[in-house]
file structure36.cif (mmCIF, C-alpha atoms)
data_my_file
#
loop_
_atom_site.label_atom_id
_atom_site.label_comp_id
_atom_site.auth_asym_id
_atom_site.auth_seq_id
_atom_site.Cartn_x
_atom_site.Cartn_y
_atom_site.Cartn_z
CA MET M 1 20.38 -36.62 -80.97
CA ILE M 2 21.58 -33.03 -81.20
CA PRO M 3 23.30 -32.40 -84.56
CA ASN M 4 27.02 -31.73 -84.21
CA GLU M 5 26.78 -28.57 -86.32
CA VAL M 6 24.31 -27.13 -83.80
CA ILE M 7 26.67 -27.93 -80.92
CA GLN M 8 29.64 -26.40 -82.71
CA ARG M 9 27.66 -23.25 -83.54
CA LEU M 10 26.54 -22.80 -79.95
CA LYS M 11 30.10 -23.22 -78.71
CA THR M 12 30.96 -20.03 -80.59
CA ILE M 13 28.59 -17.95 -78.44
CA PRO M 14 30.94 -15.71 -76.44
CA ILE M 15 31.12 -16.62 -72.78
CA THR M 16 31.48 -12.89 -72.12
CA ALA M 17 28.11 -12.28 -73.82
CA TYR M 18 26.34 -14.93 -71.78
CA LEU M 19 27.81 -13.64 -68.52
CA SER M 20 26.90 -10.07 -69.49
CA SER M 21 23.27 -11.12 -70.05
CA MET M 22 23.24 -12.17 -66.39
CA GLY M 23 24.68 -8.85 -65.25
CA ILE M 24 28.16 -10.32 -64.71
CA GLU M 25 30.93 -8.10 -66.04
CA PRO M 26 34.75 -8.47 -65.89
CA GLU M 27 36.66 -6.67 -63.16
CA LYS M 28 39.96 -6.41 -65.03
CA GLU M 29 42.12 -7.81 -67.81
CA GLN M 30 45.31 -9.77 -67.22
CA ASN M 31 47.58 -11.21 -69.90
CA GLY M 32 44.81 -11.36 -72.47
CA GLN M 33 42.28 -12.91 -70.08
CA LEU M 34 39.28 -11.33 -68.39
CA LEU M 35 38.94 -11.75 -64.63
CA TYR M 36 35.52 -11.97 -62.99
CA TYR M 37 34.27 -12.56 -59.50
CA SER M 38 33.14 -16.18 -59.46
CA PRO M 39 29.39 -16.59 -60.14
CA PHE M 40 29.48 -19.67 -57.93
CA LYS M 41 31.07 -18.40 -54.71
CA ASP M 42 31.51 -15.19 -52.76
CA GLU M 43 35.08 -13.96 -52.98
CA HIS M 44 37.10 -10.81 -52.30
CA SER M 45 39.34 -10.97 -55.38
CA PRO M 46 38.31 -12.14 -58.86
CA SER M 47 39.45 -15.68 -59.68
CA PHE M 48 37.09 -16.63 -62.51
CA PHE M 49 39.08 -16.38 -65.76
CA VAL M 50 37.71 -16.15 -69.29
CA ASN M 51 39.91 -16.38 -72.35
CA PRO M 52 37.84 -14.48 -74.95
CA HIS M 53 40.01 -15.67 -77.85
CA LYS M 54 39.65 -19.38 -77.07
CA ASN M 55 36.17 -18.79 -75.56
CA VAL M 56 36.84 -20.95 -72.51
CA PHE M 57 36.64 -20.33 -68.77
CA LYS M 58 38.47 -21.50 -65.66
CA ASP M 59 37.11 -21.06 -62.14
CA PHE M 60 39.92 -21.13 -59.60
CA THR M 61 37.50 -21.19 -56.66
CA THR M 62 36.86 -24.87 -57.44
CA ASP M 63 38.77 -27.90 -58.69
CA ASP M 64 36.73 -27.78 -61.90
CA LYS M 65 38.83 -27.64 -65.06
CA GLY M 66 36.44 -25.18 -66.66
CA GLY M 67 35.52 -25.49 -70.30
CA ASP M 68 33.37 -24.01 -73.05
CA VAL M 69 30.13 -22.04 -72.90
CA ILE M 70 27.97 -25.19 -72.81
CA THR M 71 29.88 -26.42 -69.76
CA LEU M 72 29.42 -23.01 -68.15
CA VAL M 73 25.64 -23.04 -68.71
CA ARG M 74 25.41 -26.56 -67.30
CA ARG M 75 27.10 -25.38 -64.11
CA LEU M 76 25.23 -22.08 -63.83
CA LYS M 77 21.82 -23.65 -64.42
CA ALA M 78 22.59 -27.02 -62.77
CA CYS M 79 21.21 -28.82 -65.82
CA ASP M 80 22.22 -31.58 -68.21
CA PHE M 81 23.83 -31.18 -71.65
CA ALA M 82 20.54 -31.24 -73.58
CA ASN M 83 18.95 -28.54 -71.41
CA ALA M 84 22.08 -26.39 -71.65
CA VAL M 85 21.92 -26.63 -75.43
CA GLN M 86 18.25 -25.65 -75.36
CA LEU M 87 19.00 -22.61 -73.19
CA LEU M 88 21.84 -21.53 -75.46
CA GLU M 89 19.68 -21.94 -78.58
CA ALA M 90 17.14 -19.56 -77.02
CA PHE M 91 19.91 -17.16 -76.04
CA ASP M 92 21.40 -17.31 -79.53
CA GLY M 93 18.01 -16.48 -81.00
CA ILE M 94 17.70 -13.45 -78.75
CA THR M 95 21.16 -12.13 -79.61
CA ARG M 96 20.47 -12.47 -83.32
CA SER M 97 17.19 -10.59 -82.91
CA PHE M 98 18.97 -7.70 -81.23
CA SER M 99 21.67 -7.73 -83.93
CA PHE M 100 24.55 -6.83 -81.63
CA SER M 101 28.13 -7.67 -82.51
CA GLY M 102 31.54 -7.37 -80.95
CA SER M 103 32.14 -6.57 -77.31
CA ILE M 104 28.94 -6.33 -75.30
CA LYS M 105 28.74 -3.55 -72.77
CA PRO M 106 25.77 -1.79 -71.18
CA TYR M 107 25.15 1.65 -72.62
CA ASN M 108 26.20 4.65 -70.61
CA GLU M 109 23.34 5.88 -68.39
CA LYS M 110 24.18 9.46 -69.42
CA SER M 111 23.55 8.79 -73.10
CA ALA M 112 20.61 10.75 -74.52
CA ILE M 113 17.63 8.45 -75.10
CA GLU M 114 14.99 9.34 -77.64
CA VAL M 115 11.81 7.32 -77.12
CA LEU M 116 10.22 6.57 -80.47
CA LYS M 117 7.29 4.34 -79.54
CA VAL M 118 5.80 2.46 -76.59
CA LYS M 119 3.31 -0.33 -77.19
CA ALA M 120 1.87 -3.50 -75.67
CA LEU M 121 4.36 -6.30 -75.10
CA GLU M 122 4.37 -8.63 -78.11
CA ASN M 123 7.94 -8.68 -79.45
CA LYS M 124 9.08 -12.33 -79.53
CA ALA M 125 12.70 -11.53 -78.70
CA LEU M 126 11.70 -9.56 -75.62
CA ILE M 127 9.24 -12.23 -74.51
CA ALA M 128 12.01 -14.82 -74.94
CA TYR M 129 14.41 -12.67 -72.92
CA LEU M 130 11.93 -12.42 -70.06
CA GLY M 131 10.98 -16.09 -70.14
CA ASN M 132 14.25 -17.84 -70.97
CA VAL M 133 16.77 -15.52 -69.30
CA ARG M 134 14.75 -14.00 -66.46
CA GLY M 135 12.24 -16.79 -65.80
CA ILE M 136 9.23 -14.47 -66.07
CA PRO M 137 6.32 -15.81 -68.17
CA PHE M 138 4.40 -13.63 -70.60
CA ALA M 139 1.17 -13.91 -68.57
CA ILE M 140 2.81 -12.02 -65.71
CA ALA M 141 5.10 -9.73 -67.69
CA SER M 142 2.33 -8.44 -69.95
CA LYS M 143 0.40 -7.07 -66.96
CA TYR M 144 3.21 -4.77 -65.88
CA LEU M 145 5.51 -4.22 -68.87
CA LYS M 146 5.34 -2.79 -72.36
CA GLU M 147 7.87 -2.69 -75.15
CA CYS M 148 9.72 0.48 -76.04
CA TYR M 149 11.48 1.44 -79.27
CA PHE M 150 14.09 4.10 -78.77
CA LYS M 151 17.24 5.66 -80.17
CA VAL M 152 20.50 5.98 -78.24
CA ASN M 153 23.96 6.78 -79.57
CA ASP M 154 22.35 7.09 -83.03
CA LYS M 155 21.24 3.45 -82.91
CA ASN M 156 17.65 2.21 -82.95
CA GLN M 157 17.00 -0.30 -80.16
CA PHE M 158 14.10 -1.90 -78.34
CA ALA M 159 13.54 -3.16 -74.82
CA VAL M 160 10.89 -4.03 -72.28
CA CYS M 161 9.87 -0.97 -70.29
CA PHE M 162 8.47 -0.33 -66.82
CA GLU M 163 6.98 3.05 -65.99
CA ASN M 164 7.70 5.02 -62.82
CA ASP M 165 5.40 7.44 -61.00
CA LEU M 166 6.73 10.41 -63.02
CA LYS M 167 6.30 8.67 -66.39
CA GLY M 168 10.01 7.87 -66.76
CA LEU M 169 10.88 4.43 -68.13
CA GLU M 170 13.14 1.63 -66.99
CA LEU M 171 14.47 -0.13 -70.10
CA ARG M 172 15.85 -3.68 -70.14
CA ASN M 173 16.88 -6.26 -72.71
CA VAL M 174 19.67 -8.81 -72.89
CA TYR M 175 22.30 -6.10 -73.15
CA VAL M 176 21.04 -2.77 -71.83
CA GLN M 177 19.98 -1.40 -68.50
CA LEU M 178 18.81 2.14 -69.10
CA SER M 179 16.43 4.74 -67.71
CA THR M 180 14.73 7.74 -69.23
CA ASN M 181 14.21 10.92 -67.26
CA PRO M 182 12.69 11.65 -64.85
CA LYS M 183 14.03 8.90 -62.59
CA ALA M 184 11.60 7.97 -59.79
CA ILE M 185 10.03 5.16 -57.79
CA THR M 186 7.05 3.14 -58.97
CA THR M 187 4.16 2.61 -56.54
CA MET M 188 1.36 0.08 -56.93
CA LYS M 189 -1.58 0.14 -54.54
CA GLY M 190 -3.08 -3.04 -53.15
CA THR M 191 -6.12 -3.79 -51.03
CA ASP M 192 -3.95 -3.96 -47.90
CA ASN M 193 -2.50 -0.46 -47.50
CA SER M 194 -1.02 -1.17 -44.07
CA THR M 195 1.72 -3.33 -45.58
CA ALA M 196 4.25 -2.68 -48.34
CA LEU M 197 6.75 -4.80 -50.23
CA ILE M 198 9.86 -3.03 -51.50
CA PHE M 199 12.17 -4.03 -54.37
CA GLU M 200 15.21 -2.46 -56.00
CA GLY M 201 14.01 -3.18 -59.53
CA PHE M 202 10.98 -4.41 -61.45
CA ILE M 203 12.63 -7.67 -62.52
CA ASP M 204 12.86 -8.66 -58.85
CA PHE M 205 9.23 -7.65 -58.29
CA LEU M 206 8.03 -9.83 -61.18
CA SER M 207 10.34 -12.64 -59.99
CA TYR M 208 8.66 -12.43 -56.58
CA ILE M 209 5.28 -13.05 -58.20
CA VAL M 210 6.61 -16.15 -60.01
CA TRP M 211 8.25 -17.36 -56.80
CA GLN M 212 5.14 -16.88 -54.65
CA GLY M 213 2.73 -18.07 -57.33
CA LYS M 214 0.45 -15.08 -56.86
CA GLU M 215 0.36 -11.30 -56.97
CA PRO M 216 0.63 -9.48 -53.63
CA ASN M 217 -2.52 -7.89 -52.21
CA CYS M 218 -0.59 -5.17 -50.38
CA ASP M 219 1.14 -2.04 -51.64
CA VAL M 220 4.33 -2.47 -53.68
CA ILE M 221 7.13 0.05 -54.11
CA VAL M 222 9.86 -0.48 -56.70
CA PHE M 223 12.75 1.92 -56.11
CA ASN M 224 14.19 1.57 -59.64
CA SER M 225 17.46 2.62 -57.98
CA ILE M 226 18.80 2.54 -54.42
CA SER M 227 19.37 6.29 -54.81
CA ASN M 228 15.58 6.76 -54.82
CA ILE M 229 15.14 5.42 -51.28
CA PRO M 230 15.22 8.87 -49.61
CA THR M 231 12.27 10.04 -51.71
CA SER M 232 10.19 7.08 -50.53
CA ILE M 233 10.63 7.55 -46.77
CA SER M 234 7.50 9.62 -46.16
CA LEU M 235 5.40 7.13 -48.16
CA LEU M 236 6.86 4.12 -46.36
CA LYS M 237 6.09 5.70 -42.98
CA THR M 238 2.38 5.45 -43.79
CA HIS M 239 2.68 1.64 -43.63
CA GLN M 240 2.67 -0.36 -40.42
CA THR M 241 4.91 -3.07 -41.86
CA VAL M 242 7.40 -3.07 -44.72
CA TYR M 243 9.03 -6.20 -46.16
CA GLY M 244 12.34 -5.56 -47.89
CA TYR M 245 13.45 -7.67 -50.86
CA LEU M 246 16.62 -5.79 -51.76
CA ASP M 247 19.82 -7.21 -53.25
CA ASN M 248 22.27 -9.30 -51.25
CA ASP M 249 25.12 -6.86 -51.82
CA GLY M 250 26.58 -3.67 -50.39
CA GLY M 251 23.87 -1.51 -51.93
CA GLY M 252 21.11 -3.65 -50.46
CA GLU M 253 22.77 -3.60 -47.05
CA THR M 254 23.11 0.17 -47.15
CA GLY M 255 19.50 0.51 -48.27
CA MET M 256 18.16 -1.63 -45.44
CA LYS M 257 20.20 0.28 -42.86
CA SER M 258 19.06 3.66 -44.17
CA LEU M 259 15.41 2.57 -43.96
CA ALA M 260 15.82 1.35 -40.39
CA MET M 261 17.61 4.57 -39.38
CA ALA M 262 14.74 6.57 -40.89
CA GLY M 263 12.34 4.82 -38.50
CA ILE M 264 10.74 2.48 -41.04
CA ASN M 265 9.39 -0.74 -39.51
CA VAL M 266 11.14 -2.87 -42.13
CA THR M 267 11.60 -6.64 -42.10
CA ASP M 268 14.72 -7.74 -43.97
CA CYS M 269 13.70 -10.66 -46.21
CA ARG M 270 17.06 -11.15 -47.92
CA GLU M 271 17.84 -14.28 -45.91
CA LEU M 272 15.07 -16.03 -47.84
CA TYR M 273 17.16 -16.00 -51.02
CA LYS M 274 20.74 -16.08 -49.79
CA PRO M 275 23.36 -16.82 -51.09
CA TYR M 276 21.84 -15.60 -54.33
CA GLU M 277 22.43 -12.04 -55.52
CA ASP M 278 18.78 -11.00 -55.69
CA VAL M 279 15.28 -12.38 -56.11
CA ASN M 280 15.71 -12.98 -59.84
CA ASP M 281 19.04 -14.71 -59.32
CA TYR M 282 17.36 -17.00 -56.79
CA LEU M 283 14.44 -17.61 -59.15
CA THR M 284 16.52 -18.58 -62.17
CA LYS M 285 19.37 -20.45 -60.47
CA TYR M 286 17.47 -22.33 -57.79
CA PHE M 287 13.68 -22.05 -57.58
CA LEU M 288 12.92 -22.87 -61.23
CA MET M 289 15.60 -25.54 -61.36
CA ARG M 290 14.19 -27.71 -58.57
#
call {"tool": "encode", "arguments": {"input": "structure36.cif", "output": "structure tokens"}}
result
Amino acid sequence: MIPNEVIQRLKTIPITAYLSSMGIEPEKEQNGQLLYYSPFKDEHSPSFFVNPHKNVFKDFTTDDKGGDVITLVRRLKACDFANAVQLLEAFDGITRSFSFSGSIKPYNEKSAIEVLKVKALENKALIAYLGNVRGIPFAIASKYLKECYFKVNDKNQFAVCFENDLKGLELRNVYVQLSTNPKAITTMKGTDNSTALIFEGFIDFLSYIVWQGKEPNCDVIVFNSISNIPTSISLLKTHQTVYGYLDNDGGGETGMKSLAMAGINVTDCRELYKPYEDVNDYLTKYFLMR
């Protein structure tokens, strides 16, 4: 039996913090409540309400009455009460390790980042973030990622890091999504150089490996930003076939269209993980929950 004090403690985890860890941010504030686009359905106007003072949610896209953060996790992860508590205990451990407090917002991309140290991935909080939040086991993550200690806005922080072709770093943890300069794509050569897989970000690339159960034997290109697509055109044209695993959103749609217009023989693979936002969303909300 789960002790009541554990349940009550977990219920104090801000719903806003949990949603933010999944990349879900409020669209606006209305009468003291935060309005989000529903994480359960596609919609054109936000109708998912969170009361940050009472720490409860209400989703007006369904007949569900809403509830506390445990109820939210049960719905998001399609799991029972005990599993939701286990997930929140892991999340709580991560948040305590990062020592954040108050309102959680991603740092501004324009903030100056001072890299202090990069080393092999071994930080338990980062490994827990990858495994428990992103669904990526250490055995896979450690092959492609390192951990970075850096300073931004006069605060010392740490994150997993993924290097691009120009030695810039993509930095991720529960709360931040940052990049160091220079910003560029990341290319990985395989034994089959006639084919390439393309991804918007490295989390989706690693999620693909978990999903498929093996590493690809062809070339892989991670854009690290949709804005980097134009710089990859000449490289992509050297491949006979390109498989696109971009996001199921406006940016992904624009990216796929721009590749096709540039004459790239690209196969749009996004139907494989619709209606989920991206490969990682599909991995964590459906594939690993089966």
call {"tool": "resolve_selection", "arguments": {"input": "structure36.cif", "expression": "the PyMOL selection byres ((chain M and resi 69) around 6)", "output": "ChimeraX atom specification"}}
result
/M:11,15,68,70-72
call {"tool": "residues_near_point", "arguments": {"input": "structure36.cif", "point": "(34.6, -23.5, -72.3)", "cutoff": "12 Å", "atoms": "all atoms listed in the file", "output": "ChimeraX atom specification"}}
result
/M:8,10-16,18,49-59,64-75
call {"tool": "resolve_selection", "arguments": {"input": "structure36.cif", "expression": "the PyMOL selection byres ((chain M and resi 91) around 12)", "output": "PDB file with C-alpha atoms, in the coordinates of the input"}}
result
ATOM      1  CA  LEU M  10      26.540 -22.800 -79.950  1.00  0.00           C
ATOM      2  CA  ILE M  13      28.590 -17.950 -78.440  1.00  0.00           C
ATOM      3  CA  PRO M  14      30.940 -15.710 -76.440  1.00  0.00           C
ATOM      4  CA  ILE M  15      31.120 -16.620 -72.780  1.00  0.00           C
ATOM      5  CA  ALA M  17      28.110 -12.280 -73.820  1.00  0.00           C
ATOM      6  CA  TYR M  18      26.340 -14.930 -71.780  1.00  0.00           C
ATOM      7  CA  LEU M  19      27.810 -13.640 -68.520  1.00  0.00           C
ATOM      8  CA  SER M  20      26.900 -10.070 -69.490  1.00  0.00           C
ATOM      9  CA  SER M  21      23.270 -11.120 -70.050  1.00  0.00           C
ATOM     10  CA  MET M  22      23.240 -12.170 -66.390  1.00  0.00           C
ATOM     11  CA  VAL M  69      30.130 -22.040 -72.900  1.00  0.00           C
ATOM     12  CA  ILE M  70      27.970 -25.190 -72.810  1.00  0.00           C
ATOM     13  CA  VAL M  73      25.640 -23.040 -68.710  1.00  0.00           C
ATOM     14  CA  ALA M  84      22.080 -26.390 -71.650  1.00  0.00           C
ATOM     15  CA  VAL M  85      21.920 -26.630 -75.430  1.00  0.00           C
ATOM     16  CA  GLN M  86      18.250 -25.650 -75.360  1.00  0.00           C
ATOM     17  CA  LEU M  87      19.000 -22.610 -73.190  1.00  0.00           C
ATOM     18  CA  LEU M  88      21.840 -21.530 -75.460  1.00  0.00           C
ATOM     19  CA  GLU M  89      19.680 -21.940 -78.580  1.00  0.00           C
ATOM     20  CA  ALA M  90      17.140 -19.560 -77.020  1.00  0.00           C
ATOM     21  CA  ASP M  92      21.400 -17.310 -79.530  1.00  0.00           C
ATOM     22  CA  GLY M  93      18.010 -16.480 -81.000  1.00  0.00           C
ATOM     23  CA  ILE M  94      17.700 -13.450 -78.750  1.00  0.00           C
ATOM     24  CA  THR M  95      21.160 -12.130 -79.610  1.00  0.00           C
ATOM     25  CA  ARG M  96      20.470 -12.470 -83.320  1.00  0.00           C
ATOM     26  CA  SER M  97      17.190 -10.590 -82.910  1.00  0.00           C
ATOM     27  CA  PHE M  98      18.970  -7.700 -81.230  1.00  0.00           C
ATOM     28  CA  ALA M 125      12.700 -11.530 -78.700  1.00  0.00           C
ATOM     29  CA  LEU M 126      11.700  -9.560 -75.620  1.00  0.00           C
ATOM     30  CA  ILE M 127       9.240 -12.230 -74.510  1.00  0.00           C
ATOM     31  CA  ALA M 128      12.010 -14.820 -74.940  1.00  0.00           C
ATOM     32  CA  TYR M 129      14.410 -12.670 -72.920  1.00  0.00           C
ATOM     33  CA  LEU M 130      11.930 -12.420 -70.060  1.00  0.00           C
ATOM     34  CA  GLY M 131      10.980 -16.090 -70.140  1.00  0.00           C
ATOM     35  CA  ASN M 132      14.250 -17.840 -70.970  1.00  0.00           C
ATOM     36  CA  VAL M 133      16.770 -15.520 -69.300  1.00  0.00           C
ATOM     37  CA  ARG M 134      14.750 -14.000 -66.460  1.00  0.00           C
ATOM     38  CA  ASN M 173      16.880  -6.260 -72.710  1.00  0.00           C
ATOM     39  CA  VAL M 174      19.670  -8.810 -72.890  1.00  0.00           C
ATOM     40  CA  TYR M 175      22.300  -6.100 -73.150  1.00  0.00           C
TER      41      TYR M 175
END
call {"tool": "residues_around", "arguments": {"input": "structure36.cif", "residues": "Gly263 of chain M", "least_positions_apart": "5", "cutoff": "9 Å", "atoms": "only C-alpha atoms", "output": "NGL selection string"}}
result
:M and (233 or 237 or 258)
call {"tool": "closest_residue", "arguments": {"input": "structure36.cif", "among": "M:Cys269, M:Leu178, M:Thr61, M:Ile226", "to": "Val152 of chain M", "atoms": "all atoms listed in the file"}}
result
M:Leu178
call {"tool": "residues_around", "arguments": {"input": "structure36.cif", "residues": "Gln240 of chain M", "least_positions_apart": "5", "cutoff": "12 Å", "atoms": "only C-alpha atoms", "output": "mmCIF file with C-alpha atoms, in the coordinates of the input"}}
result
data_model
loop_
_atom_site.group_PDB
_atom_site.id
_atom_site.type_symbol
_atom_site.label_atom_id
_atom_site.label_comp_id
_atom_site.auth_asym_id
_atom_site.auth_seq_id
_atom_site.Cartn_x
_atom_site.Cartn_y
_atom_site.Cartn_z
ATOM 1 C CA ASP M 192 -3.950 -3.960 -47.900
ATOM 2 C CA ASN M 193 -2.500 -0.460 -47.500
ATOM 3 C CA SER M 194 -1.020 -1.170 -44.070
ATOM 4 C CA THR M 195 1.720 -3.330 -45.580
ATOM 5 C CA ALA M 196 4.250 -2.680 -48.340
ATOM 6 C CA LEU M 197 6.750 -4.800 -50.230
ATOM 7 C CA CYS M 218 -0.590 -5.170 -50.380
ATOM 8 C CA ASP M 219 1.140 -2.040 -51.640
ATOM 9 C CA LEU M 235 5.400 7.130 -48.160
ATOM 10 C CA GLY M 263 12.340 4.820 -38.500
ATOM 11 C CA ILE M 264 10.740 2.480 -41.040
ATOM 12 C CA ASN M 265 9.390 -0.740 -39.510
ATOM 13 C CA VAL M 266 11.140 -2.870 -42.130
ATOM 14 C CA THR M 267 11.600 -6.640 -42.100
#
call {"tool": "resolve_selection", "arguments": {"input": "structure36.cif", "expression": "the PyMOL selection byres ((chain M and resi 179-189) around 7)", "output": "PyMOL selection string"}}
result
chain M and resi 113+164-166+168-171+178+190-191+218-224+228
call {"tool": "residues_near_point", "arguments": {"input": "structure36.cif", "point": "(8.6, -10.8, -60.3)", "cutoff": "10 Å", "atoms": "only C-alpha atoms", "output": "number ranges by chain"}}
result
M: 134-137, 140-141, 144, 199, 201-215, 279-280, 283
call {"tool": "atom_distance", "arguments": {"input": "structure36.cif", "atom1": "atom CA of Asn123 of chain M", "atom2": "atom CA of Glu163 of chain M"}}
result
17.9 Å
call {"tool": "closest_residue", "arguments": {"input": "structure36.cif", "among": "M:Ser227, M:Leu121, M:Phe40, M:Arg270", "to": "Lys77 of chain M", "atoms": "all atoms listed in the file"}}
result
M:Phe40
call {"tool": "atom_distance", "arguments": {"input": "structure36.cif", "atom1": "atom CA of Asp154 of chain M", "atom2": "atom CA of Glu122 of chain M"}}
result
24.4 Å
call {"tool": "closest_residue", "arguments": {"input": "structure36.cif", "among": "M:Lys146, M:Asn4, M:Asn156, M:Tyr286", "to": "Arg172 of chain M", "atoms": "all atoms listed in the file"}}
result
M:Lys146
call {"tool": "atom_distance", "arguments": {"input": "structure36.cif", "atom1": "atom CA of Tyr245 of chain M", "atom2": "atom CA of Asp268 of chain M"}}
result
7.0 Å
call {"tool": "closest_residue", "arguments": {"input": "structure36.cif", "among": "M:Lys119, M:Arg9, M:Lys274, M:Lys143", "to": "Lys41 of chain M", "atoms": "only C-alpha atoms"}}
result
M:Lys274
call {"tool": "build_atoms", "arguments": {"input": "structure36.cif", "residues": "segment 162-169 of chain M", "atoms": "all heavy atoms", "output": "PDB file, in the coordinates of the input"}}
result
ATOM      1  N   PHE M 162       9.255  -0.373 -68.064  1.00  0.00           N
ATOM      2  CA  PHE M 162       8.470  -0.330 -66.820  1.00  0.00           C
ATOM      3  C   PHE M 162       8.389   1.125 -66.412  1.00  0.00           C
ATOM      4  O   PHE M 162       9.413   1.799 -66.248  1.00  0.00           O
ATOM      5  CB  PHE M 162       9.198  -1.169 -65.758  1.00  0.00           C
ATOM      6  CG  PHE M 162       8.520  -1.212 -64.413  1.00  0.00           C
ATOM      7  CD1 PHE M 162       7.355  -1.933 -64.223  1.00  0.00           C
ATOM      8  CD2 PHE M 162       9.090  -0.563 -63.326  1.00  0.00           C
ATOM      9  CE1 PHE M 162       6.752  -2.005 -62.970  1.00  0.00           C
ATOM     10  CE2 PHE M 162       8.494  -0.627 -62.069  1.00  0.00           C
ATOM     11  CZ  PHE M 162       7.326  -1.342 -61.890  1.00  0.00           C
ATOM     12  N   GLU M 163       7.185   1.625 -66.234  1.00  0.00           N
ATOM     13  CA  GLU M 163       6.980   3.050 -65.990  1.00  0.00           C
ATOM     14  C   GLU M 163       7.059   3.398 -64.516  1.00  0.00           C
ATOM     15  O   GLU M 163       6.566   2.656 -63.661  1.00  0.00           O
ATOM     16  CB  GLU M 163       5.621   3.475 -66.542  1.00  0.00           C
ATOM     17  CG  GLU M 163       5.384   4.980 -66.542  1.00  0.00           C
ATOM     18  CD  GLU M 163       4.055   5.352 -67.179  1.00  0.00           C
ATOM     19  OE1 GLU M 163       3.025   5.272 -66.497  1.00  0.00           O
ATOM     20  OE2 GLU M 163       4.061   5.681 -68.378  1.00  0.00           O
ATOM     21  N   ASN M 164       7.694   4.540 -64.199  1.00  0.00           N
ATOM     22  CA  ASN M 164       7.700   5.020 -62.820  1.00  0.00           C
ATOM     23  C   ASN M 164       6.596   6.043 -62.595  1.00  0.00           C
ATOM     24  O   ASN M 164       5.837   6.365 -63.507  1.00  0.00           O
ATOM     25  CB  ASN M 164       9.090   5.565 -62.425  1.00  0.00           C
ATOM     26  CG  ASN M 164       9.486   6.826 -63.193  1.00  0.00           C
ATOM     27  OD1 ASN M 164       8.667   7.713 -63.443  1.00  0.00           O
ATOM     28  ND2 ASN M 164      10.763   6.914 -63.567  1.00  0.00           N
ATOM     29  N   ASP M 165       6.507   6.544 -61.377  1.00  0.00           N
ATOM     30  CA  ASP M 165       5.400   7.440 -61.000  1.00  0.00           C
ATOM     31  C   ASP M 165       5.434   8.777 -61.738  1.00  0.00           C
ATOM     32  O   ASP M 165       4.422   9.485 -61.789  1.00  0.00           O
ATOM     33  CB  ASP M 165       5.413   7.696 -59.497  1.00  0.00           C
ATOM     34  CG  ASP M 165       5.024   6.470 -58.700  1.00  0.00           C
ATOM     35  OD1 ASP M 165       4.597   5.478 -59.316  1.00  0.00           O
ATOM     36  OD2 ASP M 165       5.151   6.496 -57.454  1.00  0.00           O
ATOM     37  N   LEU M 166       6.598   9.140 -62.302  1.00  0.00           N
ATOM     38  CA  LEU M 166       6.730  10.410 -63.020  1.00  0.00           C
ATOM     39  C   LEU M 166       6.790  10.204 -64.531  1.00  0.00           C
ATOM     40  O   LEU M 166       7.206  11.091 -65.264  1.00  0.00           O
ATOM     41  CB  LEU M 166       7.965  11.159 -62.533  1.00  0.00           C
ATOM     42  CG  LEU M 166       7.969  11.566 -61.049  1.00  0.00           C
ATOM     43  CD1 LEU M 166       9.241  12.337 -60.700  1.00  0.00           C
ATOM     44  CD2 LEU M 166       6.731  12.401 -60.706  1.00  0.00           C
ATOM     45  N   LYS M 167       6.382   9.023 -64.973  1.00  0.00           N
ATOM     46  CA  LYS M 167       6.300   8.670 -66.390  1.00  0.00           C
ATOM     47  C   LYS M 167       7.656   8.398 -67.039  1.00  0.00           C
ATOM     48  O   LYS M 167       7.739   8.265 -68.268  1.00  0.00           O
ATOM     49  CB  LYS M 167       5.556   9.746 -67.206  1.00  0.00           C
ATOM     50  CG  LYS M 167       4.158  10.080 -66.666  1.00  0.00           C
ATOM     51  CD  LYS M 167       3.262   8.847 -66.616  1.00  0.00           C
ATOM     52  CE  LYS M 167       1.875   9.193 -66.099  1.00  0.00           C
ATOM     53  NZ  LYS M 167       0.997   8.000 -65.984  1.00  0.00           N
ATOM     54  N   GLY M 168       8.725   8.320 -66.234  1.00  0.00           N
ATOM     55  CA  GLY M 168      10.010   7.870 -66.760  1.00  0.00           C
ATOM     56  C   GLY M 168       9.955   6.367 -66.975  1.00  0.00           C
ATOM     57  O   GLY M 168       9.087   5.679 -66.426  1.00  0.00           O
ATOM     58  N   LEU M 169      10.888   5.844 -67.774  1.00  0.00           N
ATOM     59  CA  LEU M 169      10.880   4.430 -68.130  1.00  0.00           C
ATOM     60  C   LEU M 169      12.171   3.727 -67.720  1.00  0.00           C
ATOM     61  O   LEU M 169      13.261   4.276 -67.902  1.00  0.00           O
ATOM     62  CB  LEU M 169      10.682   4.255 -69.641  1.00  0.00           C
ATOM     63  CG  LEU M 169       9.405   4.820 -70.265  1.00  0.00           C
ATOM     64  CD1 LEU M 169       9.460   4.652 -71.782  1.00  0.00           C
ATOM     65  CD2 LEU M 169       8.163   4.145 -69.683  1.00  0.00           C
TER      66      LEU M 169
END
